[in-house]
>>> print(open('upload.txt').read())   # compact mmCIF, C-alpha atoms and all ligand atoms
# COMPACT_ATOMS: atom_id res chain seq x y z
CA MET A 25 32.33 -3.19 2.33
CA THR A 26 33.45 0.22 3.61
CA ARG A 27 32.35 0.69 7.20
CA ILE A 28 30.71 3.99 8.03
CA GLN A 29 29.92 5.16 11.56
CA GLY A 30 26.34 4.80 12.84
CA TYR A 31 23.35 3.01 11.35
CA PRO A 32 22.71 3.09 7.58
CA ASP A 33 20.45 5.96 6.57
CA PRO A 34 17.16 4.48 5.28
CA GLY A 35 16.63 7.45 2.95
CA GLU A 36 13.41 9.39 2.34
CA GLY A 37 10.28 8.42 4.23
CA LEU A 38 8.84 7.78 7.65
CA ARG A 39 11.38 6.66 10.23
CA LEU A 40 9.55 4.02 12.26
CA HIS A 41 12.60 1.79 12.77
CA LEU A 42 14.44 3.32 15.76
CA ASN A 43 11.62 4.15 18.20
CA GLU A 44 12.23 7.87 17.84
CA ASN A 45 9.62 10.54 18.57
CA THR A 46 8.06 10.78 15.10
CA GLY A 47 6.81 14.35 15.65
CA GLY A 48 10.13 15.91 16.64
CA CYS A 49 11.06 17.70 19.86
CA SER A 50 9.11 20.48 21.58
CA PRO A 51 9.24 23.84 19.72
CA ARG A 52 10.40 25.37 23.03
CA VAL A 53 13.51 23.19 22.83
CA LEU A 54 14.31 24.63 19.40
CA GLU A 55 13.91 28.17 20.74
CA ALA A 56 16.30 27.36 23.60
CA ILE A 57 18.87 26.04 21.13
CA ARG A 58 18.58 29.23 19.06
CA ARG A 59 19.12 31.37 22.16
CA ILE A 60 22.52 29.79 22.97
CA GLU A 61 25.22 32.43 23.42
CA ALA A 62 28.71 32.40 21.90
CA THR A 63 30.37 32.08 25.31
CA GLU A 64 28.22 29.05 26.17
CA VAL A 65 29.65 27.41 23.09
CA SER A 66 33.26 28.46 23.79
CA ALA A 67 33.25 27.34 27.46
CA TYR A 68 33.48 23.78 28.73
CA PRO A 69 30.01 22.90 30.00
CA SER A 70 28.92 23.04 33.64
CA TYR A 71 26.54 20.25 34.60
CA THR A 72 25.29 21.55 37.96
CA SER A 73 22.00 23.06 36.91
CA LEU A 74 20.85 20.15 34.70
CA VAL A 75 21.90 17.60 37.35
CA GLN A 76 19.84 19.54 39.89
CA ALA A 77 16.84 19.75 37.55
CA CYS A 78 17.06 15.99 36.93
CA ALA A 79 17.39 15.27 40.66
CA ILE A 80 14.17 17.20 41.30
CA HIS A 81 12.44 15.56 38.33
CA PHE A 82 13.41 12.03 39.39
CA GLY A 83 12.93 12.68 43.13
CA VAL A 84 16.49 11.87 44.22
CA SER A 85 19.50 13.76 45.53
CA PRO A 86 21.93 15.27 42.96
CA ASP A 87 24.73 12.85 43.90
CA TRP A 88 22.48 9.99 42.75
CA VAL A 89 22.40 11.41 39.18
CA LEU A 90 24.94 10.91 36.38
CA LEU A 91 24.23 12.47 32.98
CA THR A 92 25.50 10.38 30.08
CA ASN A 93 25.89 10.83 26.33
CA GLY A 94 22.69 8.95 25.63
CA LEU A 95 21.77 5.99 27.80
CA ASP A 96 23.99 3.99 25.43
CA GLU A 97 27.03 5.59 27.06
CA GLY A 98 25.61 4.89 30.51
CA ILE A 99 25.28 1.18 29.66
CA LEU A 100 28.88 0.93 28.44
CA MET A 101 30.29 2.99 31.30
CA ALA A 102 28.42 0.92 33.89
CA ALA A 103 30.21 -2.15 32.51
CA VAL A 104 33.56 -0.33 32.39
CA GLY A 105 33.18 1.01 35.94
CA HIS A 106 32.04 -2.26 37.51
CA ILE A 107 33.93 -4.86 35.47
CA ALA A 108 36.83 -3.47 33.38
CA LYS A 109 38.29 -0.92 35.80
CA PRO A 110 38.39 -3.21 38.85
CA ARG A 111 39.68 -5.92 36.44
CA VAL A 112 37.16 -8.49 37.62
CA LEU A 113 38.31 -11.79 36.14
CA ASP A 114 35.70 -14.35 35.00
CA ALA A 115 32.93 -11.74 35.29
CA GLU A 116 29.50 -12.66 33.99
CA THR A 117 26.57 -10.50 32.98
CA ILE A 118 23.00 -11.78 32.74
CA ILE A 119 21.03 -10.74 29.67
CA PRO A 120 17.37 -11.78 29.29
CA LEU A 121 16.41 -12.17 25.62
CA PRO A 122 15.45 -10.63 23.28
CA ALA A 123 17.86 -7.87 24.26
CA PHE A 124 19.00 -4.41 23.25
CA ASP A 125 22.36 -4.83 21.42
CA PRO A 126 24.48 -2.59 23.70
CA TYR A 127 24.04 -5.11 26.56
CA PRO A 128 25.98 -7.94 24.85
CA ASN A 129 28.27 -5.43 23.13
CA SER A 130 29.24 -3.74 26.41
CA THR A 131 29.70 -7.15 28.03
CA ALA A 132 32.09 -8.15 25.23
CA ALA A 133 33.88 -4.77 25.37
CA VAL A 134 34.87 -5.35 29.01
CA GLY A 135 35.87 -8.98 28.42
CA ALA A 136 32.99 -10.48 30.44
CA LYS A 137 30.84 -13.49 29.58
CA ALA A 138 27.18 -12.91 28.70
CA VAL A 139 24.77 -15.44 30.22
CA ARG A 140 21.72 -15.21 27.97
CA ILE A 141 18.28 -16.17 29.28
CA PRO A 142 15.58 -17.17 26.75
CA PRO A 143 12.16 -15.54 27.06
CA GLY A 144 9.09 -17.28 28.47
CA PRO A 145 6.10 -18.13 26.25
CA ASP A 146 4.64 -14.93 24.78
CA PHE A 147 7.68 -13.05 26.05
CA VAL A 148 6.63 -13.32 29.69
CA PHE A 149 9.67 -12.19 31.66
CA PRO A 150 11.73 -15.23 32.81
CA THR A 151 12.27 -14.11 36.42
CA ASP A 152 12.91 -17.60 37.85
CA ALA A 153 15.50 -18.35 35.18
CA VAL A 154 17.27 -15.02 35.77
CA VAL A 155 17.45 -15.67 39.52
CA ALA A 156 18.66 -19.23 38.88
CA ALA A 157 21.43 -17.90 36.60
CA VAL A 158 22.98 -15.73 39.34
CA THR A 159 26.41 -16.98 40.44
CA PRO A 160 29.22 -15.42 42.53
CA ARG A 161 30.69 -14.33 39.14
CA THR A 162 27.62 -12.27 38.17
CA ARG A 163 28.67 -8.61 38.06
CA MET A 164 25.84 -7.02 36.05
CA ILE A 165 22.24 -7.86 35.20
CA PHE A 166 20.60 -5.97 32.34
CA LEU A 167 16.85 -5.59 32.78
CA ASN A 168 14.76 -3.61 30.30
CA THR A 169 11.23 -2.55 31.17
CA PRO A 170 9.26 -2.00 28.99
CA SER A 171 11.39 -4.29 26.85
CA ASN A 172 12.77 -3.34 23.46
CA PRO A 173 11.57 -5.03 21.24
CA THR A 174 8.58 -6.75 22.91
CA GLY A 175 7.09 -3.80 24.81
CA ARG A 176 6.43 -6.06 27.81
CA LEU A 177 6.95 -4.88 31.38
CA ILE A 178 8.84 -6.59 34.19
CA PRO A 179 6.61 -6.51 37.30
CA ILE A 180 8.06 -4.44 40.18
CA PRO A 181 8.07 -7.45 42.60
CA ASP A 182 10.18 -9.37 40.04
CA LEU A 183 12.67 -6.48 39.83
CA ARG A 184 12.92 -6.52 43.64
CA ARG A 185 13.46 -10.28 43.66
CA ILE A 186 16.30 -10.08 41.16
CA ALA A 187 17.97 -7.15 42.96
CA GLU A 188 17.83 -9.12 46.22
CA ALA A 189 19.13 -12.31 44.59
CA ALA A 190 22.33 -10.63 43.36
CA PRO A 191 23.59 -8.17 45.98
CA GLN A 192 27.15 -8.49 44.59
CA ALA A 193 26.04 -7.41 41.11
CA VAL A 194 24.85 -4.13 39.65
CA VAL A 195 21.30 -4.45 38.37
CA LEU A 196 20.75 -1.97 35.55
CA VAL A 197 17.03 -1.32 35.14
CA ASP A 198 16.78 0.26 31.69
CA GLU A 199 13.61 2.37 31.62
CA ALA A 200 14.24 4.02 28.23
CA TYR A 201 10.51 3.76 27.37
CA ILE A 202 8.87 4.03 30.80
CA GLU A 203 7.18 7.38 30.02
CA PHE A 204 4.88 5.48 27.63
CA GLY A 205 3.55 3.03 30.23
CA GLY A 206 4.24 1.07 33.37
CA ASP A 207 5.56 1.87 36.84
CA THR A 208 9.07 3.11 37.38
CA PHE A 209 11.45 1.38 39.78
CA LEU A 210 12.81 4.79 40.89
CA PRO A 211 10.98 4.93 44.26
CA GLU A 212 12.66 1.61 45.13
CA VAL A 213 16.23 2.75 44.45
CA ALA A 214 16.62 4.02 48.04
CA ARG A 215 16.17 0.39 49.22
CA TYR A 216 18.58 -1.20 46.73
CA PRO A 217 22.19 0.03 46.78
CA ASN A 218 23.03 -2.32 43.87
CA VAL A 219 20.46 -0.89 41.41
CA LEU A 220 20.99 1.70 38.69
CA VAL A 221 17.94 3.00 36.83
CA GLY A 222 18.62 4.19 33.27
CA ARG A 223 16.55 6.89 31.59
CA THR A 224 16.85 8.72 28.27
CA PHE A 225 15.62 11.95 26.70
CA SER A 226 15.80 10.32 23.26
CA LYS A 227 12.35 8.77 23.15
CA ALA A 228 9.41 10.51 24.84
CA TYR A 229 11.13 13.92 24.80
CA GLY A 230 12.23 13.62 21.17
CA LEU A 231 15.90 14.47 21.77
CA ALA A 232 17.62 11.42 20.21
CA GLY A 233 19.85 13.69 18.12
CA MET A 234 21.04 15.50 21.25
CA ARG A 235 22.29 12.32 22.99
CA VAL A 236 21.34 12.72 26.66
CA GLY A 237 20.66 9.90 29.09
CA VAL A 238 20.76 9.56 32.85
CA LEU A 239 21.84 6.91 35.35
CA ILE A 240 20.22 7.14 38.77
CA GLY A 241 21.39 5.19 41.78
CA GLN A 242 23.01 5.23 45.18
CA PRO A 243 26.68 6.26 45.29
CA GLN A 244 27.80 2.65 45.84
CA ALA A 245 26.52 1.73 42.36
CA LEU A 246 26.91 5.11 40.67
CA ASP A 247 30.36 6.33 41.78
CA PRO A 248 32.34 3.56 40.01
CA VAL A 249 30.55 4.64 36.80
CA ARG A 250 31.18 8.33 37.53
CA ASP A 251 34.89 7.53 38.00
CA VAL A 252 35.28 6.23 34.42
CA THR A 253 32.96 8.69 32.64
CA LEU A 254 34.76 11.48 30.78
CA PRO A 255 34.27 14.83 32.57
CA PHE A 256 32.75 16.75 29.62
CA ASN A 257 30.68 13.95 28.06
CA ILE A 258 27.64 16.09 27.13
CA ASN A 259 27.79 19.26 25.08
CA ALA A 260 26.30 22.61 26.07
CA VAL A 261 23.66 22.66 23.31
CA ALA A 262 22.32 19.27 24.40
CA MET A 263 22.15 20.46 27.99
CA ALA A 264 20.21 23.61 27.13
CA ALA A 265 17.82 21.47 25.07
CA THR A 266 17.31 18.98 27.90
CA GLN A 267 16.77 21.65 30.54
CA THR A 268 13.99 23.18 28.42
CA ALA A 269 12.49 19.78 27.62
CA LEU A 270 12.10 19.16 31.36
CA GLU A 271 10.45 22.56 31.81
CA ASP A 272 7.90 21.99 29.03
CA THR A 273 5.59 19.83 31.14
CA GLU A 274 2.77 19.81 28.55
CA PHE A 275 4.77 18.19 25.76
CA LEU A 276 5.23 14.72 27.18
CA PRO A 277 1.65 13.83 28.23
CA ARG A 278 0.36 15.06 24.86
CA TYR A 279 2.82 12.87 22.95
CA ALA A 280 2.33 9.84 25.22
CA ALA A 281 -1.44 10.06 24.53
CA GLN A 282 -0.76 10.01 20.76
CA VAL A 283 1.48 6.98 21.19
CA ALA A 284 -1.18 5.13 23.19
CA ALA A 285 -3.80 5.85 20.50
CA SER A 286 -1.34 4.78 17.78
CA ARG A 287 -0.62 1.49 19.53
CA ASP A 288 -4.36 0.76 19.62
CA ARG A 289 -4.59 1.50 15.89
CA ILE A 290 -1.72 -0.90 15.19
CA TYR A 291 -3.38 -3.64 17.28
CA ALA A 292 -6.67 -3.15 15.43
CA ALA A 293 -4.87 -3.29 12.06
CA CYS A 294 -3.07 -6.49 13.08
CA ARG A 295 -6.37 -8.10 14.04
CA ARG A 296 -7.86 -7.12 10.67
CA LEU A 297 -4.83 -8.51 8.85
CA GLY A 298 -4.66 -11.65 10.98
CA LEU A 299 -1.13 -10.85 12.23
CA PRO A 300 -0.08 -11.83 15.77
CA TYR A 301 1.19 -8.91 17.88
CA TRP A 302 2.11 -8.23 21.48
CA GLU A 303 0.51 -5.47 23.53
CA SER A 304 3.19 -2.95 24.31
CA ALA A 305 3.84 -0.44 27.10
CA ALA A 306 6.32 1.39 24.86
CA ASN A 307 6.27 3.49 21.67
CA PHE A 308 6.46 0.49 19.33
CA VAL A 309 4.68 -2.76 18.62
CA LEU A 310 6.23 -6.11 17.76
CA VAL A 311 4.27 -7.83 14.99
CA ARG A 312 4.76 -11.32 13.59
CA VAL A 313 4.44 -11.06 9.81
CA GLY A 314 5.92 -14.50 9.10
CA GLU A 315 8.83 -15.98 7.18
CA ASP A 316 8.68 -13.22 4.60
CA ALA A 317 9.58 -10.53 7.14
CA PRO A 318 12.71 -9.28 5.29
CA ARG A 319 10.75 -8.93 2.01
CA ILE A 320 7.88 -7.21 3.81
CA VAL A 321 10.31 -4.75 5.40
CA GLU A 322 11.78 -4.07 1.92
CA ALA A 323 8.33 -3.62 0.38
CA LEU A 324 7.39 -1.18 3.15
CA ALA A 325 10.65 0.72 2.58
CA ALA A 326 9.79 0.97 -1.12
CA ARG A 327 6.62 2.74 0.06
CA GLN A 328 8.81 4.99 2.23
CA ILE A 329 7.81 3.36 5.50
CA HIS A 330 10.89 2.25 7.43
CA VAL A 331 10.32 -0.38 10.13
CA ARG A 332 12.74 -2.68 11.94
CA ASP A 333 13.31 -6.23 10.77
CA ARG A 334 13.62 -8.32 13.95
CA SER A 335 13.35 -11.66 12.15
CA LYS A 336 17.06 -12.51 12.25
CA ASP A 337 16.98 -12.69 16.05
CA PRO A 338 16.09 -16.34 16.88
CA THR A 339 13.96 -15.15 19.81
CA THR A 340 11.74 -12.99 17.54
CA PRO A 341 11.35 -15.09 14.37
CA GLY A 342 9.20 -13.62 11.62
CA CYS A 343 8.80 -10.35 13.53
CA ILE A 344 9.02 -6.68 12.64
CA ARG A 345 8.94 -3.76 15.07
CA ILE A 346 6.90 -0.68 14.19
CA THR A 347 7.34 2.63 16.03
CA ALA A 348 4.05 4.11 17.27
CA GLY A 349 4.16 7.90 17.17
CA VAL A 350 2.03 10.69 15.72
CA GLN A 351 -1.29 9.16 14.68
CA ALA A 352 -1.09 10.33 11.06
CA HIS A 353 2.29 8.58 10.76
CA THR A 354 0.86 5.40 12.25
CA ASP A 355 -2.06 5.52 9.83
CA ALA A 356 0.36 5.81 6.90
CA ALA A 357 2.26 2.77 8.18
CA ILE A 358 -0.95 0.78 8.64
CA GLU A 359 -2.12 1.61 5.13
CA ALA A 360 1.22 0.54 3.67
CA LEU A 361 1.28 -2.67 5.72
CA GLY A 362 -2.24 -3.51 4.54
CA ALA A 363 -1.29 -2.92 0.91
CA VAL A 364 1.92 -4.96 1.16
CA MET A 365 0.17 -7.88 2.85
CA ALA A 366 -2.61 -7.82 0.23
CA GLU A 367 -0.01 -7.84 -2.61
CA ARG A 368 1.78 -10.80 -1.07
CA ARG A 369 -1.41 -12.76 -0.53
CA SER A 370 -2.53 -12.24 -4.11
CA SER A 371 0.84 -13.17 -5.67
C1 LIG B 1 16.20 -0.33 25.62
C2 LIG B 1 17.00 0.86 25.25
N1 LIG B 1 17.88 1.35 26.12
C3 LIG B 1 18.63 2.42 25.81
C4 LIG B 1 18.52 3.05 24.59
C5 LIG B 1 19.49 4.13 24.30
O1 LIG B 1 18.98 5.37 24.22
P1 LIG B 1 19.90 6.62 23.99
O2 LIG B 1 21.34 6.20 23.90
O3 LIG B 1 19.42 7.27 22.75
O4 LIG B 1 19.68 7.47 25.22
C6 LIG B 1 17.61 2.58 23.65
C7 LIG B 1 17.52 3.20 22.32
O5 LIG B 1 16.99 2.69 21.37
C8 LIG B 1 16.85 1.44 23.97
O6 LIG B 1 15.99 0.89 23.09
>>> encode(input="upload.txt", output="structure tokens", more="lines below")
Ligand SMILES: Cc1ncc(COP(=O)(O)O)c(C=O)c1O
Amino acid sequence: MTRIQGYPDPGEGLRLHLNENTGGCSPRVLEAIRRIEATEVSAYPSYTSLVQACAIHFGVSPDWVLLTNGLDEGILMAAVGHIAKPRVLDAETIIPLPAFDPYPNSTAAVGAKAVRIPPGPDFVFPTDAVVAAVTPRTRMIFLNTPSNPTGRLIPIPDLRRIAEAAPQAVVLVDEAYIEFGGDTFLPEVARYPNVLVGRTFSKAYGLAGMRVGVLIGQPQALDPVRDVTLPFNINAVAMAATQTALEDTEFLPRYAAQVAASRDRIYAACRRLGLPYWESAANFVLVRVGEDAPRIVEALAARQIHVRDRSKDPTTPGCIRITAGVQAHTDAAIEALGAVMAERRSS
């Protein structure tokens, strides 16, 4: 099969498979993009003003902020800066499951060994097992709160415990979905020189197409990543968009409220349909539809509702992941899921 860059395009319909903002970005962001001047496009970008805006937004000093081309790039560059560049031999990373693919992929890219930790019952975070897996070879620990795909949070005391158990390792706390629920670890970063917090503008702010993420941490953890990150990694259009997204303070709470209401509607639908689900602090819900998950995902796609099939991952058997966004979109997904389940039960 010919390999094409990126994920396959699902075609027409509602995109509820990649946890995007289903309503699009703020209209003010579009205006800012339209106002870009020719010389902003012809010049190499300057990052000072967006770094300063992010520092204020996240409550840290500007030298604790590194803008990345999506948080994806931050994840890879953290592994390059802390494992590949210093040529750490026999390095291990710890990856609690189920996990976001770039964690094992970045581990493999830098030649390290991934130590995978199975989830607890009902996806309770396996803190004891993570701490027990720490060895002198551990160089990175990937923690994701709320977790993609379960939506479950890691309690702040557990994050502290892990950071303290592995002072020789960088603990990457991936908060890609934290705007939708839960407490951020950011106020703790001043106490933990080995922690990097990852954030993204792709989800709550609706800028996935712009590709802007942020790593936040003390220079001890951040500078090795800065050293390997290409100097002009984010384009000028994306920066103008992000600057305006930060200024539009009404957009995010309004969208987060829609997401919360949509999650409740998905839970209620699952109860009606008798499908197990897990309460989520993020903009998606993991639902167990059973052995037929791949066929159910196909049947939903035929109704132009695109959700994520998680059933091939042994830690999420029989599960699909549905993005919760604008309520009307969620209602369309619920209606389609109801119809597909009814068809399957009657056949
Ligand atoms: C857990 C997690 N981290 C990071 C990202 C990456 O976000 P981006 O590269 O769009 O900033 C995602 C995107 O799906 C994610 O689910």
>>> residues_near_ligand(input="upload.txt", ligand="ligand LIG 1 (chain B)", cutoff="10 Å", atoms="only C-alpha atoms and all ligand atoms", output="MDAnalysis selection string")
chainID A and resid 41:44 92:99 123:127 166:173 175 197:202 222:227 230:238 306
>>> atom_distance(input="upload.txt", atom1="CA of Ile80 (chain A)", atom2="CA of Gly241 (chain A)")
14.0 Å
>>> atom_distance(input="upload.txt", atom1="CA of Lys336 (chain A)", atom2="CA of Phe147 (chain A)")
16.7 Å
>>> residues_around(input="upload.txt", residues="Gly47 (chain A)", least_positions_apart="5", cutoff="9 Å", atoms="all atoms listed in the file", output="list in words")
Gly230, Tyr279, Gly349, Val350 and His353 of chain A
>>> residues_around(input="upload.txt", residues="Val311 (chain A)", least_positions_apart="6", cutoff="8 Å", atoms="only C-alpha atoms", output="MDAnalysis selection string")
chainID A and resid 294 299:302 343:346
>>> closest_residue(input="upload.txt", among="A:Val221, A:Val213, A:Ala77, A:Leu177", to="Pro150 (chain A)", atoms="only C-alpha atoms")
A:Leu177
>>> closest_residue(input="upload.txt", among="A:Gln192, A:Asp337, A:Pro86, A:Arg296", to="Met365 (chain A)", atoms="all atoms listed in the file")
A:Arg296
>>> atom_distance(input="upload.txt", atom1="CA of Arg332 (chain A)", atom2="CA of Ala228 (chain A)")
18.7 Å
>>> closest_residue(input="upload.txt", among="A:Thr46, A:Thr253, A:Gln76, A:Ser370", to="Ser286 (chain A)", atoms="only C-alpha atoms")
A:Thr46
>>> closest_residue(input="upload.txt", among="A:Ala103, A:Leu196, A:Ala348, A:Asp251", to="Leu239 (chain A)", atoms="all atoms listed in the file")
A:Leu196
>>> residues_around(input="upload.txt", residues="Ile60 (chain A)", least_positions_apart="3", cutoff="9 Å", atoms="all atoms listed in the file", output="number ranges by chain")
A: 56-57, 63-65, 260-261, 264
>>> residues_around(input="upload.txt", residues="Val249 (chain A)", least_positions_apart="2", cutoff="10 Å", atoms="only C-alpha atoms", output="PyMOL selection string")
chain A and resi 90+98-106+109+239+243-247+251-253
>>> closest_residue(input="upload.txt", among="A:Ile141, A:Leu276, A:Ala189, A:Ala317", to="Gly48 (chain A)", atoms="all atoms listed in the file")
A:Leu276
>>> closest_residue(input="upload.txt", among="A:Gly205, A:Ala157, A:Phe275, A:Ala193", to="Asn218 (chain A)", atoms="all atoms listed in the file")
A:Ala193
>>> residues_around(input="upload.txt", residues="Leu121 (chain A)", least_positions_apart="5", cutoff="7 Å", atoms="all atoms listed in the file", output="PyMOL selection string")
chain A and resi 140-143+339
>>> axis_aligned_box(input="upload.txt", around="region 231-238 of chain A", padding_each_side="8 Å", output="JSON")
{"center_x": 19.1, "center_y": 12.5, "center_z": 25.5, "size_x": 22.4, "size_y": 21.9, "size_z": 30.7}
